[in-house]
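Coordinates from coords.pdb are shown below (PDB, C-alpha atoms and all ligand atoms).
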```
ATOM      1  CA  MET S 251      90.928 254.178 191.791  1.00  0.00           C
ATOM      2  CA  ARG S 252      90.053 257.179 193.956  1.00  0.00           C
ATOM      3  CA  THR S 253      90.807 257.111 197.642  1.00  0.00           C
ATOM      4  CA  ALA S 254      88.897 258.669 200.534  1.00  0.00           C
ATOM      5  CA  ALA S 255      91.635 261.281 200.777  1.00  0.00           C
ATOM      6  CA  SER S 256      91.049 262.255 197.148  1.00  0.00           C
ATOM      7  CA  PHE S 257      87.486 263.182 198.191  1.00  0.00           C
ATOM      8  CA  GLY S 258      88.878 265.453 200.903  1.00  0.00           C
ATOM      9  CA  VAL S 259      87.996 263.039 203.692  1.00  0.00           C
ATOM     10  CA  ARG S 260      89.803 263.635 206.989  1.00  0.00           C
ATOM     11  CA  PRO S 261      91.816 260.627 208.197  1.00  0.00           C
ATOM     12  CA  GLU S 262      89.602 260.340 211.281  1.00  0.00           C
ATOM     13  CA  ALA S 263      86.507 260.168 209.059  1.00  0.00           C
ATOM     14  CA  VAL S 264      87.670 257.475 206.634  1.00  0.00           C
ATOM     15  CA  ASN S 265      85.841 254.605 208.356  1.00  0.00           C
ATOM     16  CA  ALA S 266      82.617 256.606 208.484  1.00  0.00           C
ATOM     17  CA  PHE S 267      83.083 257.571 204.837  1.00  0.00           C
ATOM     18  CA  LEU S 268      83.516 253.928 203.817  1.00  0.00           C
ATOM     19  CA  ALA S 269      80.451 252.924 205.851  1.00  0.00           C
ATOM     20  CA  LEU S 270      78.377 255.629 204.158  1.00  0.00           C
ATOM     21  CA  ALA S 271      79.689 254.644 200.730  1.00  0.00           C
ATOM     22  CA  ASP S 272      78.728 251.031 201.456  1.00  0.00           C
ATOM     23  CA  VAL S 273      75.138 251.988 202.316  1.00  0.00           C
ATOM     24  CA  LEU S 274      74.834 254.237 199.257  1.00  0.00           C
ATOM     25  CA  ASN S 275      76.261 251.505 197.028  1.00  0.00           C
ATOM     26  CA  ARG S 276      73.760 248.985 198.372  1.00  0.00           C
ATOM     27  CA  MET S 277      70.963 251.469 197.745  1.00  0.00           C
ATOM     28  CA  GLY S 278      72.267 251.845 194.202  1.00  0.00           C
ATOM     29  CA  ASP S 279      72.227 248.075 193.767  1.00  0.00           C
ATOM     30  CA  ASP S 280      68.503 248.266 194.544  1.00  0.00           C
ATOM     31  CA  ASN S 281      68.067 251.155 192.080  1.00  0.00           C
ATOM     32  CA  ARG S 282      67.465 253.583 194.932  1.00  0.00           C
ATOM     33  CA  ARG S 283      69.134 256.953 195.181  1.00  0.00           C
ATOM     34  CA  ALA S 284      69.351 259.297 198.106  1.00  0.00           C
ATOM     35  CA  VAL S 285      66.995 262.206 197.581  1.00  0.00           C
ATOM     36  CA  CYS S 286      69.859 264.652 198.140  1.00  0.00           C
ATOM     37  CA  GLU S 287      71.430 263.361 194.928  1.00  0.00           C
ATOM     38  CA  GLN S 288      68.309 264.374 193.039  1.00  0.00           C
ATOM     39  CA  ARG S 289      68.057 267.898 194.493  1.00  0.00           C
ATOM     40  CA  PRO S 290      71.529 268.709 195.836  1.00  0.00           C
ATOM     41  CA  GLU S 291      70.904 272.444 195.815  1.00  0.00           C
ATOM     42  CA  GLN S 292      68.334 272.037 198.601  1.00  0.00           C
ATOM     43  CA  TRP S 293      70.967 270.377 200.843  1.00  0.00           C
ATOM     44  CA  SER S 294      73.488 273.143 200.203  1.00  0.00           C
ATOM     45  CA  SER S 295      74.311 275.916 202.641  1.00  0.00           C
ATOM     46  CA  ASP S 296      73.213 278.280 199.853  1.00  0.00           C
ATOM     47  CA  ALA S 297      69.615 277.057 200.142  1.00  0.00           C
ATOM     48  CA  THR S 298      67.171 279.070 202.205  1.00  0.00           C
ATOM     49  CA  PRO S 299      66.695 278.020 205.843  1.00  0.00           C
ATOM     50  CA  PRO S 300      63.170 276.666 205.138  1.00  0.00           C
ATOM     51  CA  ALA S 301      64.510 274.656 202.183  1.00  0.00           C
ATOM     52  CA  ARG S 302      67.272 273.199 204.354  1.00  0.00           C
ATOM     53  CA  GLN S 303      64.715 272.409 207.045  1.00  0.00           C
ATOM     54  CA  ASP S 304      62.666 270.453 204.490  1.00  0.00           C
ATOM     55  CA  ALA S 305      65.843 268.723 203.300  1.00  0.00           C
ATOM     56  CA  ALA S 306      66.728 267.690 206.838  1.00  0.00           C
ATOM     57  CA  ALA S 307      63.227 266.274 207.291  1.00  0.00           C
ATOM     58  CA  ALA S 308      63.555 264.324 204.041  1.00  0.00           C
ATOM     59  CA  CYS S 309      66.760 262.743 205.360  1.00  0.00           C
ATOM     60  CA  GLY S 310      64.591 261.002 207.939  1.00  0.00           C
ATOM     61  CA  PHE S 311      63.315 258.727 205.185  1.00  0.00           C
ATOM     62  CA  CYS S 312      66.785 257.924 203.845  1.00  0.00           C
ATOM     63  CA  PRO S 313      68.261 254.500 204.631  1.00  0.00           C
ATOM     64  CA  ALA S 314      71.691 256.135 204.769  1.00  0.00           C
ATOM     65  CA  GLN S 315      70.728 258.647 207.483  1.00  0.00           C
ATOM     66  CA  PRO S 316      72.642 257.132 210.439  1.00  0.00           C
ATOM     67  CA  ALA S 317      75.788 256.554 208.370  1.00  0.00           C
ATOM     68  CA  CYS S 318      75.471 259.978 206.759  1.00  0.00           C
ATOM     69  CA  LEU S 319      75.211 261.762 210.090  1.00  0.00           C
ATOM     70  CA  ALA S 320      78.098 259.740 211.535  1.00  0.00           C
ATOM     71  CA  PHE S 321      80.252 260.713 208.583  1.00  0.00           C
ATOM     72  CA  ALA S 322      79.322 264.397 208.792  1.00  0.00           C
ATOM     73  CA  LEU S 323      80.199 264.488 212.491  1.00  0.00           C
ATOM     74  CA  ALA S 324      83.499 262.666 211.954  1.00  0.00           C
ATOM     75  CA  GLN S 325      84.321 264.895 208.991  1.00  0.00           C
ATOM     76  CA  ARG S 326      83.317 268.002 210.931  1.00  0.00           C
ATOM     77  CA  GLU S 327      81.270 269.207 207.996  1.00  0.00           C
ATOM     78  CA  PRO S 328      81.102 272.988 208.215  1.00  0.00           C
ATOM     79  CA  ALA S 329      77.826 273.555 206.371  1.00  0.00           C
ATOM     80  CA  GLY S 330      74.936 272.032 204.492  1.00  0.00           C
ATOM     81  CA  VAL S 331      72.470 269.334 205.456  1.00  0.00           C
ATOM     82  CA  TRP S 332      73.860 265.922 206.311  1.00  0.00           C
ATOM     83  CA  GLY S 333      72.034 262.988 207.856  1.00  0.00           C
ATOM     84  CA  GLY S 334      69.071 265.045 208.937  1.00  0.00           C
ATOM     85  CA  GLN S 335      71.017 267.870 210.526  1.00  0.00           C
ATOM     86  CA  ASP S 336      71.714 271.308 209.162  1.00  0.00           C
ATOM     87  CA  PHE S 337      75.362 272.155 209.784  1.00  0.00           C
ATOM     88  CA  THR S 338      75.084 275.593 208.210  1.00  0.00           C
ATOM     89  CA  PRO S 339      76.225 278.297 210.622  1.00  0.00           C
ATOM     90  CA  ILE S 340      73.570 280.736 211.710  1.00  0.00           C
ATOM     91  CA  PRO S 341      74.516 284.261 210.597  1.00  0.00           C
ATOM     92  CA  LYS S 342      75.372 286.575 213.439  1.00  0.00           C
ATOM     93  CA  ARG S 343      72.850 289.282 214.107  1.00  0.00           C
ATOM     94  CA  LYS S 344      74.038 292.807 213.654  1.00  0.00           C
ATOM     95  CA  GLU S 345      74.007 294.898 216.770  1.00  0.00           C
ATOM     96  CA  SER S 346      71.608 297.770 216.359  1.00  0.00           C
ATOM     97  CA  ALA S 347      72.877 301.217 217.138  1.00  0.00           C
ATOM     98  CA  ALA S 348      71.198 302.542 220.236  1.00  0.00           C
TER      99      ALA S 348
HETATM  100  S1  LIG E 401      70.667 261.192 204.973  1.00  0.00           S
HETATM  101 FE1  LIG E 401      70.127 263.011 203.784  1.00  0.00          FE
HETATM  102  S2  LIG E 401      72.061 263.980 203.193  1.00  0.00           S
HETATM  103 FE2  LIG E 401      72.505 261.859 203.844  1.00  0.00          FE
HETATM  104  S3  LIG E 401      72.462 260.617 201.966  1.00  0.00           S
HETATM  105 FE3  LIG E 401      70.407 260.547 202.850  1.00  0.00          FE
HETATM  106  S4  LIG E 401      69.229 262.223 201.887  1.00  0.00           S
HETATM  107 FE4  LIG E 401      71.432 262.591 201.533  1.00  0.00          FE
END
```
Would you put the structure from the file into structure tokens?
Amino acid sequence: MRTAASFGVRPEAVNAFLALADVLNRMGDDNRRAVCEQRPEQWSSDATPPARQDAAAACGFCPAQPACLAFALAQREPAGVWGGQDFTPIPKRKESAA
């Protein structure tokens, strides 16, 4: 049996992880899958900003959205789209030579 730690979950995020897993499991029991499972590349930090924006909007229709966002905040996710928010850092602009 895998533990939350084996998924790289921070100790302070374990409860949020278990809550999210519970919602996703219940969705699975109803033969529903989160849309991010079907197109994970669009939720990745490697996706284009418009693609991530669309992904974040799609999260709004996901029953797991509140639990997903709570987990991402507790886990301090560094990038990607989670629970309707894009955590991907915005690249710094280069200073132009004057
Ligand atoms: S809220 Fe978004 S990122 Fe979270 S499980 Fe649902 S579709 Fe995936």
Take every atom of range 312-325 of chain S listed in the file, pad by 3 Å on each side, and give me the axis-aligned box centre and edge lengths in Å, one decimal, as lines of an AutoDock Vina configuration file.
```
center_x = 75.6
center_y = 259.7
center_z = 208.2
size_x = 23.5
size_y = 16.4
size_z = 14.6
```
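Comparing S:Asn281, S:Asn265, S:Gln315, S:Ser295 by their smallest distance to ligand LIG 401 (chain E), the closest is S:Gln315 (using all atoms listed in the file).
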What does the structure give for the distance between CA of Val285 in chain S and atom FE3 of ligand LIG 401 (chain E), in Å to one decimal?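 Separating CA of Val285 in chain S from atom FE3 of ligand LIG 401 (chain E) is a distance of 6.5 Å.
Put simply, the PyMOL selection byres (((not hetatm)) within 8 of (chain E and resi 401)) on this file hits Leu274, Ala284, Val285, Cys286, Glu287, Trp293, Ala305, Ala306, Ala308, Cys309, Gly310, Phe311, Cys312, Pro313, Ala314, Gln315, Pro316, Ala317, Cys318, Leu319, Val331, Trp332, Gly333 and Gly334 of chain S.
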In Å to one decimal, how far is CA of Leu268 in chain S from CA of Pro290 in chain S?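 These atoms are spaced 20.6 Å apart.
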How many Å lie between CA of Gln303 in chain S and CA of Ala324 in chain S, rounded to one decimal? 21.7 Å
Pick out the closest residue to Asp336 in chain S from this set: S:Ala254, S:Ala266, S:Arg302, S:Leu323. Count all atoms listed in the file.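 Among the listed residues, the smallest separation from Asp336 in chain S belongs to S:Arg302.
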Measuring atom to atom with only C-alpha atoms, identify which of S:Ser294, S:Phe337, S:Ala307, S:Glu345 is nearest to Gln325 in chain S. S:Phe337
Hey, which of S:Arg252, S:Arg289, S:Ala297, S:Leu270 ends up closest to Ala329 in chain S? Count only C-alpha atoms.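 Of all the options, S:Ala297 lies closest to Ala329 in chain S.
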Expand the PyMOL selection byres (((chain S and resi 328) around 8) and not hetatm) into the individual residues it matches in the shown file, reporting them as a list in words.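 So the PyMOL selection byres (((chain S and resi 328) around 8) and not hetatm) ends up selecting Arg326, Glu327, Ala329, Gly330, Phe337, Thr338 and Pro339 of chain S.
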Output: range 282-329 of chain S of the preceding structure, restricted to N, CA and C atoms, written as a PDB file, in the first residue's frame.
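So the final result, stored in result16.pdb, reads:
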```pdb
ATOM      1  N   ARG S 282     -16.789   8.872 -13.230  1.00  0.00           N
ATOM      2  CA  ARG S 282     -16.413  10.217 -13.673  1.00  0.00           C
ATOM      3  C   ARG S 282     -14.929  10.398 -13.409  1.00  0.00           C
ATOM      4  N   ARG S 283     -14.271  11.051 -14.312  1.00  0.00           N
ATOM      5  CA  ARG S 283     -12.849  11.344 -14.156  1.00  0.00           C
ATOM      6  C   ARG S 283     -12.636  12.837 -14.283  1.00  0.00           C
ATOM      7  N   ALA S 284     -11.685  13.325 -13.508  1.00  0.00           N
ATOM      8  CA  ALA S 284     -11.329  14.738 -13.642  1.00  0.00           C
ATOM      9  C   ALA S 284     -10.763  14.960 -15.039  1.00  0.00           C
ATOM     10  N   VAL S 285     -11.123  16.083 -15.624  1.00  0.00           N
ATOM     11  CA  VAL S 285     -10.687  16.364 -16.993  1.00  0.00           C
ATOM     12  C   VAL S 285      -9.161  16.476 -17.081  1.00  0.00           C
ATOM     13  N   CYS S 286      -8.512  16.843 -16.002  1.00  0.00           N
ATOM     14  CA  CYS S 286      -7.047  16.943 -16.037  1.00  0.00           C
ATOM     15  C   CYS S 286      -6.388  15.574 -16.208  1.00  0.00           C
ATOM     16  N   GLU S 287      -7.109  14.518 -15.848  1.00  0.00           N
ATOM     17  CA  GLU S 287      -6.567  13.172 -16.052  1.00  0.00           C
ATOM     18  C   GLU S 287      -6.611  12.795 -17.528  1.00  0.00           C
ATOM     19  N   GLN S 288      -7.514  13.419 -18.258  1.00  0.00           N
ATOM     20  CA  GLN S 288      -7.667  13.086 -19.674  1.00  0.00           C
ATOM     21  C   GLN S 288      -6.705  13.883 -20.559  1.00  0.00           C
ATOM     22  N   ARG S 289      -6.337  15.088 -20.092  1.00  0.00           N
ATOM     23  CA  ARG S 289      -5.411  15.929 -20.871  1.00  0.00           C
ATOM     24  C   ARG S 289      -4.370  16.530 -19.933  1.00  0.00           C
ATOM     25  N   PRO S 290      -3.587  15.711 -19.267  1.00  0.00           N
ATOM     26  CA  PRO S 290      -2.668  16.241 -18.246  1.00  0.00           C
ATOM     27  C   PRO S 290      -1.668  17.242 -18.784  1.00  0.00           C
ATOM     28  N   GLU S 291      -1.319  17.141 -20.049  1.00  0.00           N
ATOM     29  CA  GLU S 291      -0.327  18.070 -20.595  1.00  0.00           C
ATOM     30  C   GLU S 291      -0.812  19.516 -20.556  1.00  0.00           C
ATOM     31  N   GLN S 292      -2.125  19.709 -20.607  1.00  0.00           N
ATOM     32  CA  GLN S 292      -2.671  21.077 -20.602  1.00  0.00           C
ATOM     33  C   GLN S 292      -2.595  21.693 -19.196  1.00  0.00           C
ATOM     34  N   TRP S 293      -2.478  20.859 -18.169  1.00  0.00           N
ATOM     35  CA  TRP S 293      -2.415  21.337 -16.783  1.00  0.00           C
ATOM     36  C   TRP S 293      -0.965  21.508 -16.333  1.00  0.00           C
ATOM     37  N   SER S 294      -0.047  21.127 -17.193  1.00  0.00           N
ATOM     38  CA  SER S 294       1.377  21.171 -16.866  1.00  0.00           C
ATOM     39  C   SER S 294       1.944  22.580 -17.020  1.00  0.00           C
ATOM     40  N   SER S 295       2.997  22.849 -16.281  1.00  0.00           N
ATOM     41  CA  SER S 295       3.674  24.144 -16.429  1.00  0.00           C
ATOM     42  C   SER S 295       4.328  24.278 -17.801  1.00  0.00           C
ATOM     43  N   ASP S 296       4.464  23.175 -18.527  1.00  0.00           N
ATOM     44  CA  ASP S 296       5.025  23.223 -19.879  1.00  0.00           C
ATOM     45  C   ASP S 296       4.005  23.682 -20.925  1.00  0.00           C
ATOM     46  N   ALA S 297       2.734  23.686 -20.556  1.00  0.00           N
ATOM     47  CA  ALA S 297       1.696  24.133 -21.496  1.00  0.00           C
ATOM     48  C   ALA S 297       1.817  25.639 -21.702  1.00  0.00           C
ATOM     49  N   THR S 298       1.277  26.110 -22.792  1.00  0.00           N
ATOM     50  CA  THR S 298       1.307  27.554 -23.053  1.00  0.00           C
ATOM     51  C   THR S 298       0.399  28.269 -22.047  1.00  0.00           C
ATOM     52  N   PRO S 299       0.662  29.545 -21.790  1.00  0.00           N
ATOM     53  CA  PRO S 299      -0.222  30.288 -20.873  1.00  0.00           C
ATOM     54  C   PRO S 299      -1.702  30.234 -21.276  1.00  0.00           C
ATOM     55  N   PRO S 300      -2.047  30.389 -22.573  1.00  0.00           N
ATOM     56  CA  PRO S 300      -3.479  30.287 -22.911  1.00  0.00           C
ATOM     57  C   PRO S 300      -4.050  28.894 -22.619  1.00  0.00           C
ATOM     58  N   ALA S 301      -3.242  27.852 -22.856  1.00  0.00           N
ATOM     59  CA  ALA S 301      -3.714  26.493 -22.574  1.00  0.00           C
ATOM     60  C   ALA S 301      -3.940  26.306 -21.077  1.00  0.00           C
ATOM     61  N   ARG S 302      -3.042  26.846 -20.276  1.00  0.00           N
ATOM     62  CA  ARG S 302      -3.214  26.740 -18.812  1.00  0.00           C
ATOM     63  C   ARG S 302      -4.414  27.549 -18.357  1.00  0.00           C
ATOM     64  N   GLN S 303      -4.652  28.678 -19.015  1.00  0.00           N
ATOM     65  CA  GLN S 303      -5.820  29.494 -18.665  1.00  0.00           C
ATOM     66  C   GLN S 303      -7.115  28.708 -18.937  1.00  0.00           C
ATOM     67  N   ASP S 304      -7.149  28.027 -20.077  1.00  0.00           N
ATOM     68  CA  ASP S 304      -8.316  27.192 -20.403  1.00  0.00           C
ATOM     69  C   ASP S 304      -8.452  26.052 -19.401  1.00  0.00           C
ATOM     70  N   ALA S 305      -7.318  25.469 -19.008  1.00  0.00           N
ATOM     71  CA  ALA S 305      -7.337  24.377 -18.032  1.00  0.00           C
ATOM     72  C   ALA S 305      -7.907  24.869 -16.703  1.00  0.00           C
ATOM     73  N   ALA S 306      -7.446  26.028 -16.276  1.00  0.00           N
ATOM     74  CA  ALA S 306      -7.937  26.579 -15.006  1.00  0.00           C
ATOM     75  C   ALA S 306      -9.443  26.829 -15.073  1.00  0.00           C
ATOM     76  N   ALA S 307      -9.922  27.283 -16.220  1.00  0.00           N
ATOM     77  CA  ALA S 307     -11.363  27.508 -16.373  1.00  0.00           C
ATOM     78  C   ALA S 307     -12.115  26.182 -16.311  1.00  0.00           C
ATOM     79  N   ALA S 308     -11.541  25.140 -16.912  1.00  0.00           N
ATOM     80  CA  ALA S 308     -12.191  23.832 -16.901  1.00  0.00           C
ATOM     81  C   ALA S 308     -12.292  23.275 -15.482  1.00  0.00           C
ATOM     82  N   CYS S 309     -11.334  23.616 -14.639  1.00  0.00           N
ATOM     83  CA  CYS S 309     -11.385  23.167 -13.238  1.00  0.00           C
ATOM     84  C   CYS S 309     -12.669  23.643 -12.554  1.00  0.00           C
ATOM     85  N   GLY S 310     -13.208  24.759 -13.017  1.00  0.00           N
ATOM     86  CA  GLY S 310     -14.421  25.281 -12.403  1.00  0.00           C
ATOM     87  C   GLY S 310     -15.606  24.343 -12.500  1.00  0.00           C
ATOM     88  N   PHE S 311     -15.534  23.380 -13.412  1.00  0.00           N
ATOM     89  CA  PHE S 311     -16.615  22.414 -13.569  1.00  0.00           C
ATOM     90  C   PHE S 311     -16.310  21.094 -12.864  1.00  0.00           C
ATOM     91  N   CYS S 312     -15.183  21.032 -12.176  1.00  0.00           N
ATOM     92  CA  CYS S 312     -14.739  19.782 -11.560  1.00  0.00           C
ATOM     93  C   CYS S 312     -15.257  19.691 -10.120  1.00  0.00           C
ATOM     94  N   PRO S 313     -15.897  18.587  -9.762  1.00  0.00           N
ATOM     95  CA  PRO S 313     -16.378  18.442  -8.391  1.00  0.00           C
ATOM     96  C   PRO S 313     -15.249  18.461  -7.360  1.00  0.00           C
ATOM     97  N   ALA S 314     -14.044  18.178  -7.794  1.00  0.00           N
ATOM     98  CA  ALA S 314     -12.909  18.125  -6.866  1.00  0.00           C
ATOM     99  C   ALA S 314     -12.237  19.480  -6.682  1.00  0.00           C
ATOM    100  N   GLN S 315     -12.740  20.524  -7.328  1.00  0.00           N
ATOM    101  CA  GLN S 315     -12.024  21.812  -7.339  1.00  0.00           C
ATOM    102  C   GLN S 315     -11.689  22.339  -5.946  1.00  0.00           C
ATOM    103  N   PRO S 316     -12.615  22.416  -5.005  1.00  0.00           N
ATOM    104  CA  PRO S 316     -12.226  22.973  -3.691  1.00  0.00           C
ATOM    105  C   PRO S 316     -11.150  22.130  -3.004  1.00  0.00           C
ATOM    106  N   ALA S 317     -11.299  20.820  -3.057  1.00  0.00           N
ATOM    107  CA  ALA S 317     -10.311  19.941  -2.407  1.00  0.00           C
ATOM    108  C   ALA S 317      -8.971  20.002  -3.128  1.00  0.00           C
ATOM    109  N   CYS S 318      -9.022  20.136  -4.438  1.00  0.00           N
ATOM    110  CA  CYS S 318      -7.802  20.203  -5.246  1.00  0.00           C
ATOM    111  C   CYS S 318      -7.022  21.480  -4.930  1.00  0.00           C
ATOM    112  N   LEU S 319      -7.728  22.586  -4.855  1.00  0.00           N
ATOM    113  CA  LEU S 319      -7.062  23.851  -4.543  1.00  0.00           C
ATOM    114  C   LEU S 319      -6.518  23.828  -3.110  1.00  0.00           C
ATOM    115  N   ALA S 320      -7.276  23.282  -2.190  1.00  0.00           N
ATOM    116  CA  ALA S 320      -6.808  23.203  -0.798  1.00  0.00           C
ATOM    117  C   ALA S 320      -5.530  22.370  -0.715  1.00  0.00           C
ATOM    118  N   PHE S 321      -5.503  21.275  -1.456  1.00  0.00           N
ATOM    119  CA  PHE S 321      -4.303  20.446  -1.448  1.00  0.00           C
ATOM    120  C   PHE S 321      -3.121  21.204  -2.051  1.00  0.00           C
ATOM    121  N   ALA S 322      -3.334  21.837  -3.183  1.00  0.00           N
ATOM    122  CA  ALA S 322      -2.230  22.546  -3.850  1.00  0.00           C
ATOM    123  C   ALA S 322      -1.643  23.630  -2.947  1.00  0.00           C
ATOM    124  N   LEU S 323      -2.512  24.329  -2.230  1.00  0.00           N
ATOM    125  CA  LEU S 323      -2.027  25.378  -1.320  1.00  0.00           C
ATOM    126  C   LEU S 323      -1.261  24.756  -0.155  1.00  0.00           C
ATOM    127  N   ALA S 324      -1.788  23.680   0.406  1.00  0.00           N
ATOM    128  CA  ALA S 324      -1.111  23.026   1.531  1.00  0.00           C
ATOM    129  C   ALA S 324       0.220  22.420   1.096  1.00  0.00           C
ATOM    130  N   GLN S 325       0.243  21.915  -0.126  1.00  0.00           N
ATOM    131  CA  GLN S 325       1.436  21.257  -0.661  1.00  0.00           C
ATOM    132  C   GLN S 325       2.458  22.261  -1.169  1.00  0.00           C
ATOM    133  N   ARG S 326       1.994  23.506  -1.306  1.00  0.00           N
ATOM    134  CA  ARG S 326       2.826  24.573  -1.884  1.00  0.00           C
ATOM    135  C   ARG S 326       3.324  24.151  -3.257  1.00  0.00           C
ATOM    136  N   GLU S 327       2.360  23.767  -4.091  1.00  0.00           N
ATOM    137  CA  GLU S 327       2.707  23.339  -5.450  1.00  0.00           C
ATOM    138  C   GLU S 327       3.455  24.466  -6.164  1.00  0.00           C
ATOM    139  N   PRO S 328       4.563  24.172  -6.772  1.00  0.00           N
ATOM    140  CA  PRO S 328       5.357  25.235  -7.388  1.00  0.00           C
ATOM    141  C   PRO S 328       4.932  25.613  -8.800  1.00  0.00           C
ATOM    142  N   ALA S 329       4.140  24.776  -9.450  1.00  0.00           N
ATOM    143  CA  ALA S 329       3.821  25.043 -10.860  1.00  0.00           C
ATOM    144  C   ALA S 329       2.645  24.184 -11.297  1.00  0.00           C
TER     145      ALA S 329
END
```
